[in-house]
file run04.txt (compact mmCIF, C-alpha atoms)
# COMPACT_ATOMS: atom_id res chain seq x y z
CA MET C 1 86.45 53.86 104.87
CA THR C 2 89.33 56.26 104.55
CA ALA C 3 89.80 59.29 106.78
CA SER C 4 88.64 61.70 104.07
CA GLU C 5 85.48 59.67 103.46
CA GLY C 6 84.76 59.69 107.17
CA LEU C 7 85.24 63.45 107.29
CA ALA C 8 82.96 63.88 104.25
CA LEU C 9 80.29 61.70 105.85
CA LEU C 10 80.48 63.75 109.04
CA LEU C 11 80.15 67.02 107.11
CA LEU C 12 77.24 65.73 105.01
CA LEU C 13 75.39 64.45 108.08
CA ALA C 14 75.93 67.73 109.90
CA GLY C 15 74.70 69.63 106.82
CA SER C 16 71.57 67.48 106.59
CA GLY C 17 70.99 68.11 110.29
CA PHE C 18 71.06 71.87 109.73
CA TYR C 19 68.71 71.56 106.75
CA PHE C 20 66.35 69.47 108.84
CA ALA C 21 66.41 72.01 111.67
CA GLY C 22 65.80 74.86 109.24
CA THR C 23 62.86 73.06 107.66
CA VAL C 24 61.32 72.25 111.03
CA GLY C 25 61.69 75.93 111.92
CA LEU C 26 60.06 76.97 108.65
CA LEU C 27 57.09 74.73 109.31
CA ARG C 28 56.68 75.30 113.03
CA PHE C 29 57.63 78.91 113.78
CA PRO C 30 54.75 81.34 114.25
CA ASP C 31 55.36 84.29 111.90
CA ALA C 32 57.24 85.27 108.78
CA PHE C 33 60.25 86.77 110.54
CA CYS C 34 60.91 83.78 112.77
CA ARG C 35 60.53 81.47 109.78
CA LEU C 36 62.99 83.49 107.70
CA HIS C 37 65.36 83.51 110.65
CA ALA C 38 65.28 79.72 110.87
CA LEU C 39 65.48 79.22 107.13
CA THR C 40 68.28 81.59 106.16
CA LYS C 41 70.70 80.84 108.93
CA ALA C 42 70.29 77.10 109.21
CA ASP C 43 70.06 76.45 105.47
CA ASN C 44 73.07 78.58 104.59
CA LEU C 45 75.17 76.67 107.07
CA GLY C 46 73.68 73.39 105.86
CA LEU C 47 74.58 74.22 102.27
CA CYS C 48 78.07 75.20 103.37
CA LEU C 49 78.58 71.89 105.20
CA ILE C 50 77.20 69.81 102.34
CA CYS C 51 79.38 71.63 99.80
CA ALA C 52 82.38 71.13 102.08
CA GLY C 53 81.55 67.43 102.43
CA LEU C 54 81.23 66.99 98.67
CA ALA C 55 84.46 68.93 98.11
CA VAL C 56 86.31 66.62 100.51
CA LEU C 57 84.75 63.61 98.80
CA SER C 58 85.74 64.79 95.31
CA ALA C 59 89.36 65.54 96.38
CA ASP C 60 89.63 67.83 93.38
CA TRP C 61 90.44 71.53 93.63
CA ARG C 62 88.46 72.36 90.51
CA ILE C 63 85.26 70.75 91.80
CA ALA C 64 85.87 72.21 95.26
CA SER C 65 86.10 75.74 93.89
CA VAL C 66 82.93 75.26 91.83
CA LEU C 67 81.16 74.03 94.99
CA PHE C 68 82.43 77.09 96.84
CA LEU C 69 81.00 79.29 94.10
CA ILE C 70 77.66 77.46 94.36
CA TRP C 71 77.61 78.16 98.08
CA LEU C 72 78.33 81.87 97.51
CA LEU C 73 75.51 82.07 94.95
CA GLY C 74 73.16 80.30 97.35
CA LEU C 75 74.07 82.80 100.05
CA LEU C 76 73.45 85.71 97.70
CA ALA C 77 70.05 84.46 96.54
CA ALA C 78 68.92 83.51 100.05
CA THR C 79 69.99 86.86 101.49
CA VAL C 80 68.20 89.01 98.94
CA SER C 81 65.03 86.94 98.79
CA ALA C 82 64.78 86.78 102.59
CA HIS C 83 65.34 90.54 102.72
CA LEU C 84 62.56 91.18 100.20
CA ILE C 85 60.13 88.81 101.92
CA ALA C 86 60.84 90.44 105.27
CA ARG C 87 60.29 93.94 103.85
CA GLN C 88 57.04 92.83 102.28
CA ALA C 89 55.97 91.23 105.55
CA ARG C 90 56.79 94.38 107.51
CA GLN C 91 54.80 96.57 105.15
CA ALA C 92 51.84 94.26 104.90
CA GLY C 93 51.74 93.34 108.56
CA ALA C 94 53.31 90.01 109.26
CA ASP C 95 50.02 88.15 109.26
CA ASN C 96 49.28 88.74 105.61
CA ILE C 97 52.43 87.18 104.23
CA ASP C 98 50.85 83.75 104.12
CA PRO C 99 48.58 82.90 101.24
CA PRO C 100 45.08 82.87 102.67
CA GLU C 101 44.46 79.15 102.51
CA ALA C 102 47.80 77.94 103.86
CA SER C 103 47.27 76.96 107.45
CA MET I 1 71.82 48.44 97.99
CA LEU I 2 71.90 52.06 99.03
CA GLY I 3 71.22 53.02 95.41
CA ILE I 4 68.05 50.91 95.31
CA VAL I 5 66.82 52.44 98.56
CA LEU I 6 67.44 55.91 97.11
CA ASP I 7 65.61 54.99 93.90
CA LEU I 8 62.65 53.63 95.84
CA VAL I 9 62.50 56.79 97.95
CA ILE I 10 62.51 58.92 94.78
CA ILE I 11 59.78 56.79 93.15
CA ALA I 12 57.61 56.86 96.28
CA SER I 13 57.95 60.62 96.67
CA LEU I 14 57.21 61.17 92.98
CA ILE I 15 53.95 59.22 93.26
CA ALA I 16 52.99 60.95 96.50
CA LEU I 17 53.78 64.38 95.05
CA ALA I 18 51.84 63.66 91.87
CA ILE I 19 48.78 62.73 93.95
CA GLN I 20 49.23 65.93 95.95
CA VAL I 21 49.47 68.03 92.77
CA VAL I 22 46.11 66.91 91.42
CA SER I 23 44.21 66.42 94.67
CA GLY I 24 45.64 69.22 96.82
CA ALA I 25 43.24 71.26 98.88
CA SER I 26 44.08 74.46 97.06
CA LEU I 27 45.51 75.66 93.79
CA PHE I 28 48.46 77.28 95.54
CA ARG I 29 49.48 74.04 97.21
CA GLY I 30 49.11 72.23 93.92
CA ILE I 31 51.56 74.65 92.30
CA ILE I 32 54.11 74.27 95.11
CA HIS I 33 53.82 70.48 94.92
CA PHE I 34 54.25 70.66 91.14
CA ILE I 35 57.53 72.55 91.55
CA VAL I 36 58.78 70.07 94.15
CA MET I 37 57.74 67.21 91.86
CA GLY I 38 59.73 68.77 89.02
CA LEU I 39 62.85 68.90 91.19
CA THR I 40 62.34 65.29 92.31
CA LEU I 41 61.87 64.27 88.68
CA ALA I 42 65.18 65.98 87.89
CA LEU I 43 66.76 63.82 90.62
CA ALA I 44 65.23 60.73 89.03
CA TRP I 45 66.68 61.66 85.61
CA ALA I 46 70.05 62.25 87.23
CA ARG I 47 69.86 58.79 88.85
CA LEU I 48 69.06 57.31 85.43
CA GLY I 49 72.27 58.84 84.09
CA ALA I 50 70.56 61.48 81.92
CA PRO I 51 72.06 64.81 83.03
CA ASP I 52 70.69 66.62 79.95
CA LEU I 53 67.13 65.72 80.87
CA ALA I 54 67.76 66.40 84.55
CA MET I 55 68.94 69.92 83.74
CA ALA I 56 66.06 70.57 81.35
CA GLU I 57 63.53 69.26 83.87
CA ALA I 58 64.95 71.33 86.73
CA ALA I 59 65.28 74.50 84.66
CA ILE I 60 62.13 74.35 82.54
CA GLY I 61 59.85 71.83 84.28
CA ALA I 62 60.36 73.09 87.81
CA GLY I 63 61.87 76.55 87.45
CA VAL I 64 60.30 78.42 84.55
CA THR I 65 57.00 76.52 84.55
CA GLY I 66 56.78 77.03 88.31
CA ALA I 67 57.30 80.77 87.85
CA LEU I 68 54.65 80.83 85.11
CA MET I 69 52.16 79.02 87.34
CA MET I 70 52.90 81.33 90.26
CA VAL I 71 52.34 84.42 88.15
CA ALA I 72 49.14 82.94 86.73
CA TYR I 73 47.94 82.27 90.28
CA ARG I 74 48.85 85.80 91.30
CA ARG I 75 46.90 87.25 88.38
CA LEU I 76 43.95 85.00 89.18
CA VAL I 77 43.89 86.33 92.74
CA GLU I 78 44.26 89.95 91.58
CA ILE I 79 41.65 89.78 88.85
CA THR I 80 39.01 87.97 90.89
CA PRO I 81 39.74 88.84 94.54
CA ASP I 82 36.45 87.48 95.85
CA HIS I 83 36.80 84.21 94.00
CA ASN I 84 38.14 81.62 96.39
CA PRO I 85 40.85 79.77 94.52
CA SER I 86 40.70 76.73 96.76
CA ARG I 87 39.01 73.80 95.15
CA THR I 88 35.61 73.09 96.53
CA GLY I 89 34.16 71.19 93.59
CA SER I 90 33.65 67.49 94.09
CA ARG I 91 35.91 65.09 92.30
CA SER I 92 34.76 63.73 88.99
CA ARG I 93 33.54 60.15 89.04
CA LEU I 94 35.93 59.40 86.21
CA ALA I 95 38.97 60.39 88.30
CA LEU I 96 39.52 57.01 89.97
CA PRO I 97 39.12 54.82 86.85
CA ILE I 98 41.43 57.11 84.87
CA ALA I 99 44.04 57.07 87.63
CA VAL I 100 43.90 53.29 87.95
CA GLY I 101 44.01 52.86 84.17
CA ALA I 102 47.00 55.16 83.76
CA GLY I 103 48.84 53.53 86.65
CA GLY I 104 48.15 50.07 85.23
CA LEU I 105 49.37 51.12 81.80
CA VAL I 106 52.63 52.53 83.18
CA GLY I 107 53.13 49.43 85.31
CA LEU I 108 52.48 47.16 82.34
CA LEU I 109 54.94 49.06 80.16
CA GLY I 110 57.57 48.98 82.88
CA LEU I 111 57.01 45.27 83.43
CA GLY I 112 57.27 44.65 79.70
CA ALA I 113 60.49 46.65 79.51
CA THR I 114 62.11 44.76 82.38
CA LEU I 115 60.92 41.31 81.28
CA SER I 116 61.89 41.64 77.63
CA ASP I 117 65.33 40.60 76.42
CA PRO I 118 67.84 43.29 77.21
CA GLU I 119 68.96 43.31 73.61
CA PRO I 120 70.60 46.64 72.76
CA GLY I 121 68.51 48.74 70.40
CA LEU I 122 70.05 48.47 66.97
CA ALA I 123 68.95 51.94 65.89
CA GLY I 124 70.55 53.48 68.97
CA LEU I 125 73.84 51.67 68.33
CA ALA I 126 73.84 52.68 64.68
CA VAL I 127 73.22 56.30 65.60
CA LEU I 128 75.98 56.27 68.20
CA GLU I 129 78.36 54.76 65.67
CA ALA I 130 77.44 57.31 63.02
CA LEU I 131 77.80 60.13 65.54
CA GLN I 132 81.40 59.10 66.14
CA ASP I 133 82.22 60.65 62.77
CA GLU I 134 80.47 63.92 63.58
CA ALA I 135 82.12 66.70 65.53
CA LEU I 136 79.33 66.54 68.11
CA GLY I 137 80.58 64.75 71.21
CA ASN I 138 77.25 64.93 73.04
CA PRO I 139 74.98 62.24 71.56
CA ILE I 140 71.85 64.02 72.87
CA THR I 141 72.53 67.19 70.87
CA GLY I 142 73.57 65.06 67.92
CA VAL I 143 70.33 63.08 67.89
CA LEU I 144 68.22 66.17 68.53
CA LEU I 145 69.68 68.14 65.64
CA LEU I 146 70.89 65.55 63.12
CA TYR I 147 68.39 62.69 63.44
CA ARG I 148 65.38 64.23 65.15
CA GLY I 149 65.61 67.65 63.53
CA LEU I 150 61.93 67.71 62.69
CA ASP I 151 60.94 66.92 66.29
CA THR I 152 63.13 69.71 67.62
CA LEU I 153 61.76 72.10 65.01
CA LEU I 154 58.20 71.19 66.02
CA GLU I 155 59.05 71.76 69.70
CA ILE I 156 60.05 75.32 68.85
CA ALA I 157 56.86 75.69 66.82
CA VAL I 158 54.79 74.45 69.79
CA LEU I 159 56.42 77.05 72.03
CA LEU I 160 55.63 79.77 69.49
CA THR I 161 52.03 78.57 69.26
CA ALA I 162 51.67 78.63 73.04
CA PHE I 163 52.98 82.18 73.08
CA LEU I 164 50.58 83.32 70.34
CA ALA I 165 47.66 81.69 72.16
CA ALA I 166 48.63 83.36 75.43
CA VAL I 167 48.85 86.77 73.74
CA ALA I 168 45.49 86.19 72.11
CA VAL I 169 43.63 85.45 75.35
CA THR I 170 45.33 88.03 77.60
CA ARG I 171 43.16 91.05 78.33
CA ARG I 172 45.13 94.25 78.26
CA GLU I 173 43.52 95.72 81.35
CA ASP I 174 44.64 92.74 83.42
CA LEU I 175 48.26 93.55 82.75
CA ASP I 176 49.13 95.70 85.69
CA TYR I 177 52.56 95.70 87.21
CA SER I 178 51.46 93.78 90.26
CA ILE I 179 53.91 90.95 89.65
CA THR I 180 56.91 93.07 90.54
CA THR I 181 58.26 93.35 94.06
CA ARG I 182 56.77 96.26 95.93
CA ASP I 183 59.95 98.30 96.20
CA PRO I 184 62.32 97.04 93.53
CA HIS I 185 64.95 99.70 94.11
CA THR I 186 66.35 98.68 97.46
CA PRO I 187 70.15 98.55 97.28
CA LEU I 188 70.29 94.77 97.75
CA VAL I 189 68.27 94.12 94.60
CA GLY I 190 70.62 96.23 92.52
CA ALA I 191 73.60 94.38 93.95
CA LEU I 192 71.95 91.03 93.25
CA LEU I 193 71.20 91.96 89.64
CA ALA I 194 74.71 93.32 89.11
CA ILE I 195 76.09 89.88 90.02
CA ILE I 196 73.38 87.54 88.76
CA VAL I 197 72.64 89.01 85.32
CA PRO I 198 76.18 88.76 83.88
CA LEU I 199 76.56 85.37 85.55
CA THR I 200 73.37 83.92 83.99
CA VAL I 201 74.42 85.19 80.56
CA LEU I 202 77.81 83.55 81.07
CA VAL I 203 76.24 80.27 82.25
CA SER I 204 73.77 80.11 79.39
CA VAL I 205 76.45 80.74 76.77
CA HIS I 206 78.56 78.08 78.47
CA LEU I 207 75.64 75.62 78.43
CA LEU I 208 75.06 76.34 74.76
CA LYS I 209 78.69 75.81 73.84
CA ALA I 210 79.02 72.81 76.14
CA GLY I 211 75.96 71.30 74.47
CA SER I 212 78.09 70.06 71.59
CA HIS I 213 80.20 67.75 73.74
CA ASP I 214 78.87 67.78 77.34
CA PRO I 215 75.43 67.98 78.97
CA GLY I 216 73.75 71.18 77.87
CA GLY I 217 72.12 72.66 74.82
CA ALA I 218 69.70 75.24 73.54
CA PHE I 219 66.78 74.33 75.81
CA GLN I 220 68.80 74.39 79.03
CA ALA I 221 70.64 77.57 78.02
CA GLY I 222 67.38 79.21 77.01
CA ALA I 223 65.81 78.34 80.36
CA VAL I 224 68.72 79.87 82.27
CA LEU I 225 68.52 83.01 80.16
CA ALA I 226 64.75 83.08 80.70
CA ALA I 227 65.29 82.91 84.47
CA CYS I 228 67.43 86.02 84.15
CA GLY I 229 64.63 87.72 82.20
CA VAL I 230 62.04 86.68 84.80
CA LEU I 231 64.25 88.24 87.47
CA LEU I 232 64.42 91.48 85.47
CA VAL I 233 60.62 91.52 85.10
CA LEU I 234 60.10 90.80 88.81
CA THR I 235 62.41 93.63 89.82
CA SER I 236 60.71 95.90 87.22
CA ARG I 237 63.91 96.58 85.28
CA VAL I 238 61.91 95.64 82.22
CA SER I 239 58.13 95.60 82.12
CA ALA I 240 55.23 94.72 79.91
CA SER I 241 54.61 96.92 76.94
CA SER I 242 51.90 96.84 74.33
CA GLN I 243 54.02 98.62 71.75
CA SER I 244 55.32 96.03 69.34
CA ARG I 245 59.01 96.07 68.59
CA PRO I 246 60.47 94.48 65.47
CA LEU I 247 63.58 93.30 67.31
CA ILE I 248 61.54 91.35 69.87
CA GLY I 249 59.35 89.88 67.16
CA LEU I 250 62.43 88.81 65.26
CA GLY I 251 63.88 87.26 68.42
CA ILE I 252 60.75 85.21 69.00
CA VAL I 253 60.78 83.61 65.56
CA ALA I 254 64.58 83.51 65.11
CA GLY I 255 64.90 79.87 66.17
CA LEU I 256 62.04 78.60 64.03
CA ILE I 257 63.04 80.59 60.94
CA SER I 258 66.75 79.85 61.01
CA PHE I 259 66.15 76.14 61.66
CA SER I 260 63.57 75.85 58.88
CA LEU I 261 65.57 77.87 56.35
CA ILE I 262 68.79 75.95 56.94
CA GLY I 263 66.83 72.68 56.98
CA LEU I 264 65.03 73.50 53.73
CA ALA I 265 68.19 74.79 52.07
CA ALA I 266 69.44 71.21 52.22
CA MET I 267 66.79 70.29 49.65
CA LEU I 268 68.26 72.82 47.20
CA ARG I 269 71.57 71.00 47.47
CA GLY I 270 69.80 67.75 46.75
CA GLU I 271 70.14 66.39 50.29
CA PRO I 272 67.23 65.19 52.42
CA PRO I 273 65.40 67.99 54.28
CA MET I 274 66.78 68.98 57.69
CA ALA I 275 70.29 67.79 56.78
CA LEU I 276 72.63 70.33 58.32
CA PRO I 277 75.57 71.58 56.29
CA GLY I 278 78.11 71.60 59.12
CA MET I 279 79.05 72.57 62.63
CA TRP I 280 78.52 76.28 61.96
CA ALA I 281 74.85 75.51 61.28
CA VAL I 282 74.56 73.60 64.54
CA TYR I 283 75.93 76.53 66.54
CA PHE I 284 73.87 79.04 64.57
CA ILE I 285 70.62 77.14 65.07
CA GLU I 286 71.32 76.45 68.73
CA THR I 287 72.04 80.13 69.40
CA ALA I 288 68.89 81.27 67.60
CA MET I 289 66.83 78.64 69.43
CA MET I 290 68.28 79.68 72.78
CA LEU I 291 67.33 83.32 72.18
CA SER I 292 63.84 82.39 70.98
CA ILE I 293 63.18 80.03 73.88
CA ALA I 294 64.38 82.55 76.45
CA LEU I 295 62.46 85.46 74.94
CA THR I 296 59.25 83.44 74.55
CA LEU I 297 59.36 82.20 78.14
CA VAL I 298 59.99 85.70 79.51
CA LEU I 299 57.15 87.14 77.42
CA LEU I 300 54.85 84.35 78.61
CA PHE I 301 55.80 85.28 82.16
CA ALA I 302 55.20 88.99 81.59
CA GLY I 303 52.00 88.15 79.71
CA THR I 304 52.55 90.46 76.76
CA GLU I 305 53.88 90.53 73.24
CA SER I 306 56.56 93.09 73.97
CA LEU I 307 58.79 94.45 76.69
CA ARG I 308 60.24 97.82 77.43
CA ARG I 309 63.15 98.88 79.54
CA ASN I 310 62.40 100.92 82.62
CA GLN I 311 64.52 103.90 83.47
CA HIS I 312 65.15 104.15 87.15
CA GLY I 313 67.06 106.42 89.41
call {"tool": "encode", "arguments": {"input": "run04.txt", "output": "C-alpha cells"}}
result
Amino acid sequence: MTASEGLALLLLLAGSGFYFAGTVGLLRFPDAFCRLHALTKADNLGLCLICAGLAVLSADWRIASVLFLIWLLGLLAATVSAHLIARQARQAGADNIDPPEAS
Amino acid sequence: MLGIVLDLVIIASLIALAIQVVSGASLFRGIIHFIVMGLTLALAWARLGAPDLAMAEAAIGAGVTGALMMVAYRRLVEITPDHNPSRTGSRSRLALPIAVGAGGLVGLLGLGATLSDPEPGLAGLAVLEALQDEALGNPITGVLLLYRGLDTLLEIAVLLTAFLAAVAVTRREDLDYSITTRDPHTPLVGALLAIIVPLTVLVSVHLLKAGSHDPGGAFQAGAVLAACGVLLVLTSRVSASSQSRPLIGLGIVAGLISFSLIGLAAMLRGEPPMALPGMWAVYFIETAMMLSIALTLVLLFAGTESLRRNQHG
C-alpha cells in the first residue's frame, strides 16, 4: 500500500465514522432540532472526508475538482433542506414533525 | 474477495429492503424503504458495470418515483385525515406461495444463467460490431434508438398513457397547494433555486449530449430536468393550473410524435420503419424525448394537466 492509498483509506474510514455518528444521532436523538443538528454537521463533514479520500485515491485534478463540486452541492442541499425542516418544526411545534406512525 | 463480500452485502440488503417494502407496518415506511431499495439497486447496477442503468434507476426509480409516492401519500393524508394509512389488514393467504414461487423462479433463472456455457451472445456481438460504423459511441443509446426503436417508442407511449390516466382520475377539488413548503419565500430557498435550476439544466443537457458516447441519454436527462421541475413545484414557483396551454400539451407529446414521424418517414424512403436517417435525428429525438419525459413527470407530480408560473415578490 502506497502512502497516498493509506491516506485515502484513513480519510474514507474517518468519513464513514462521521456518517455513522450522524445516522446514530438521527435515529436516537429526541426531537427534530437535535436530529437535524446531528445529521447536518456530521454528514457534511463525512461527505467532505469521503470526497477528499476519493480525490486522493484518483490522483487526478479533474476528478478531484468534480468531487469538490459534489461536496459543495451536498452542502447547499443539506443546508436549505435542514433550514426548511427546522422552520416547519418550529411552526408546527417540534412534536408534529414526525409522521404519526413513525415511532 | 472484497468485491464478493460487497456484492453479497448488496444482495442481502436488496432482499431485506424488498421484504420491508411490501410488509412494512405502514405505507410511509414502505415508501421510504422503496426509495432506499432504489438507491441500493442503483449500486447493484453500478457493480454490474452498467452505469446507464444505475443512473436511470437512481434518478427515476428512486428519485422521481420516490417523490411521486411521497406526494401521493401526502394527498392521501390530506384528503382522508381520519383514515389511518397504516396497514391493519391481514396478509393474503396467497402472499407466501407467490413469494416462494417468485423467489424460486429467479433462483432457477440465475442458476441456469451461471450453469450454462458462457458463450458470448451472437446477436450482441453482431450489434456491437455494426455499431462500430455508427457515430454513436455509447452502445446503450445505439441499441435503444437503432435496434430497439420500437421498444423505446412504446416506453414513451406508456409514460403518456400513465399521465392521461392520472389526469383522468384526479379530482379537481383535491388539488390544493398543500404540497408546497409552508413559506417558500425565505431567502435561502431563492438562493438555492438560483444555483440549482441553471445547474440542473446544464447537467441534463450534458447528460443528453453525453448519451451519444458516454453513460447518459434522454431518460436520465429527463429525470434530472424533472427533479428541477419538482423543486419548482415544491417551492411554489410554478403551480398546478387547470387552464390548458398548447405549449405544455405540445411538450408532452413532442417525444412520441417526433419519434413516430421520423420513424415512419423511413418507410417513405423505402427503408424499414424506425430506421433513423442520421445523427441529427438521434439528437432531435433524444431532445424531444427528454422534454416530454421531464414535463410528464413534473405534471404527474403536480397532479394536473397544466402548470402556471407564480408571480412572487
call {"tool": "residues_near_point", "arguments": {"input": "run04.txt", "point": "(56.2, 69.4, 90.6)", "cutoff": "6 Å", "atoms": "all atoms listed in the file", "output": "MDAnalysis selection string"}}
result
chainID I and resid 33:38
call {"tool": "closest_residue", "arguments": {"input": "run04.txt", "among": "I:Ser244, I:Ser239, I:Thr170, I:Thr200", "to": "chain C", "atoms": "only C-alpha atoms"}}
result
I:Thr200
call {"tool": "residues_near_point", "arguments": {"input": "run04.txt", "point": "(78.0, 77.0, 69.9)", "cutoff": "10 Å", "atoms": "only C-alpha atoms", "output": "PyMOL selection string"}}
result
chain I and resi 205-212+217-218+279-287
call {"tool": "atom_distance", "arguments": {"input": "run04.txt", "atom1": "CA of Leu231 in chain I", "atom2": "CA of Ala288 in chain I"}}
result
21.6 Å
call {"tool": "atom_distance", "arguments": {"input": "run04.txt", "atom1": "CA of Ala46 in chain I", "atom2": "CA of Ala102 in chain I"}}
result
24.4 Å
call {"tool": "atom_distance", "arguments": {"input": "run04.txt", "atom1": "CA of Leu128 in chain I", "atom2": "CA of Asp7 in chain I"}}
result
27.7 Å
call {"tool": "closest_residue", "arguments": {"input": "run04.txt", "among": "C:Arg35, C:Lys41, C:Arg90, C:His83", "to": "chain I", "atoms": "only C-alpha atoms"}}
result
C:His83
call {"tool": "closest_residue", "arguments": {"input": "run04.txt", "among": "C:Leu75, C:Leu69, C:Val56, C:Ala82", "to": "Gly6 in chain C", "atoms": "all atoms listed in the file"}}
result
C:Val56
call {"tool": "residues_around", "arguments": {"input": "run04.txt", "residues": "Gly22 in chain C", "least_positions_apart": "4", "cutoff": "8 Å", "atoms": "only C-alpha atoms", "output": "PyMOL selection string"}}
result
chain C and resi 18+26+38-43
call {"tool": "closest_residue", "arguments": {"input": "run04.txt", "among": "I:Ala56, I:Ala275, I:Leu250, I:Ala302", "to": "Arg148 in chain I", "atoms": "all atoms listed in the file"}}
result
I:Ala275
call {"tool": "residues_around", "arguments": {"input": "run04.txt", "residues": "Ser65 in chain C", "least_positions_apart": "5", "cutoff": "10 Å", "atoms": "only C-alpha atoms", "output": "list in words"}}
result
Cys51, Ala55, Asp60, Ile70 and Trp71 of chain C
call {"tool": "residues_around", "arguments": {"input": "run04.txt", "residues": "Leu73 in chain C", "least_positions_apart": "4", "cutoff": "12 Å", "atoms": "only C-alpha atoms", "output": "tab-separated table (two decimals) with C-alpha atoms, keeping the file's coordinate frame"}}
result
chain	number	residue	atom	x	y	z
C	44	ASN	CA	73.07	78.58	104.59
C	47	LEU	CA	74.58	74.22	102.27
C	48	CYS	CA	78.07	75.20	103.37
C	66	VAL	CA	82.93	75.26	91.83
C	67	LEU	CA	81.16	74.03	94.99
C	68	PHE	CA	82.43	77.09	96.84
C	69	LEU	CA	81.00	79.29	94.10
C	77	ALA	CA	70.05	84.46	96.54
C	78	ALA	CA	68.92	83.51	100.05
C	79	THR	CA	69.99	86.86	101.49
C	80	VAL	CA	68.20	89.01	98.94
I	192	LEU	CA	71.95	91.03	93.25
I	195	ILE	CA	76.09	89.88	90.02
I	196	ILE	CA	73.38	87.54	88.76
I	199	LEU	CA	76.56	85.37	85.55
I	200	THR	CA	73.37	83.92	83.99
call {"tool": "residues_around", "arguments": {"input": "run04.txt", "residues": "range 290-293 of chain I", "least_positions_apart": "3", "cutoff": "7 Å", "atoms": "all atoms listed in the file", "output": "list in words"}}
result
Ala218, Phe219, Ala221, Gly222, Gly251, Ile252, Val253, Ala254, Gly255, Glu286, Thr287, Thr296 and Leu297 of chain I
call {"tool": "decode", "arguments": {"input": "run04.txt", "residues": "range 38-54 of chain C", "atoms": "N, CA and C atoms", "output": "CSV table (one decimal), in the first residue's frame"}}
result
chain,number,residue,atom,x,y,z
C,38,ALA,N,-27.5,16.7,14.5
C,38,ALA,CA,-26.6,15.6,14.3
C,38,ALA,C,-26.4,15.3,12.8
C,39,LEU,N,-27.5,15.4,12.0
C,39,LEU,CA,-27.4,15.0,10.6
C,39,LEU,C,-26.6,16.0,9.8
C,40,THR,N,-26.9,17.3,9.9
C,40,THR,CA,-26.2,18.2,9.0
C,40,THR,C,-24.7,18.3,9.3
C,41,LYS,N,-24.4,18.4,10.5
C,41,LYS,CA,-23.0,18.7,10.8
C,41,LYS,C,-22.1,17.4,10.5
C,42,ALA,N,-22.6,16.3,11.1
C,42,ALA,CA,-21.7,15.1,10.9
C,42,ALA,C,-21.7,14.6,9.5
C,43,ASP,N,-22.9,14.7,8.8
C,43,ASP,CA,-22.9,14.2,7.4
C,43,ASP,C,-22.1,15.1,6.4
C,44,ASN,N,-22.2,16.4,6.7
C,44,ASN,CA,-21.4,17.3,5.8
C,44,ASN,C,-19.9,17.0,5.9
C,45,LEU,N,-19.5,16.8,7.1
C,45,LEU,CA,-18.1,16.5,7.3
C,45,LEU,C,-17.7,15.1,6.8
C,46,GLY,N,-18.6,14.2,7.0
C,46,GLY,CA,-18.4,12.8,6.4
C,46,GLY,C,-18.3,12.9,4.9
C,47,LEU,N,-19.2,13.6,4.3
C,47,LEU,CA,-19.1,13.7,2.8
C,47,LEU,C,-17.8,14.4,2.4
C,48,CYS,N,-17.4,15.4,3.1
C,48,CYS,CA,-16.1,16.1,2.8
C,48,CYS,C,-15.0,15.1,2.9
C,49,LEU,N,-14.9,14.3,4.0
C,49,LEU,CA,-13.8,13.4,4.1
C,49,LEU,C,-13.8,12.3,3.1
C,50,ILE,N,-15.0,11.8,2.7
C,50,ILE,CA,-15.1,10.8,1.7
C,50,ILE,C,-14.7,11.3,0.3
C,51,CYS,N,-15.2,12.5,0.0
C,51,CYS,CA,-14.7,13.1,-1.2
C,51,CYS,C,-13.2,13.4,-1.3
C,52,ALA,N,-12.7,13.8,-0.1
C,52,ALA,CA,-11.2,14.0,-0.1
C,52,ALA,C,-10.5,12.7,-0.3
C,53,GLY,N,-11.0,11.6,0.4
C,53,GLY,CA,-10.4,10.3,0.2
C,53,GLY,C,-10.4,9.8,-1.2
C,54,LEU,N,-11.6,10.0,-1.9
C,54,LEU,CA,-11.7,9.6,-3.2
C,54,LEU,C,-10.8,10.4,-4.2
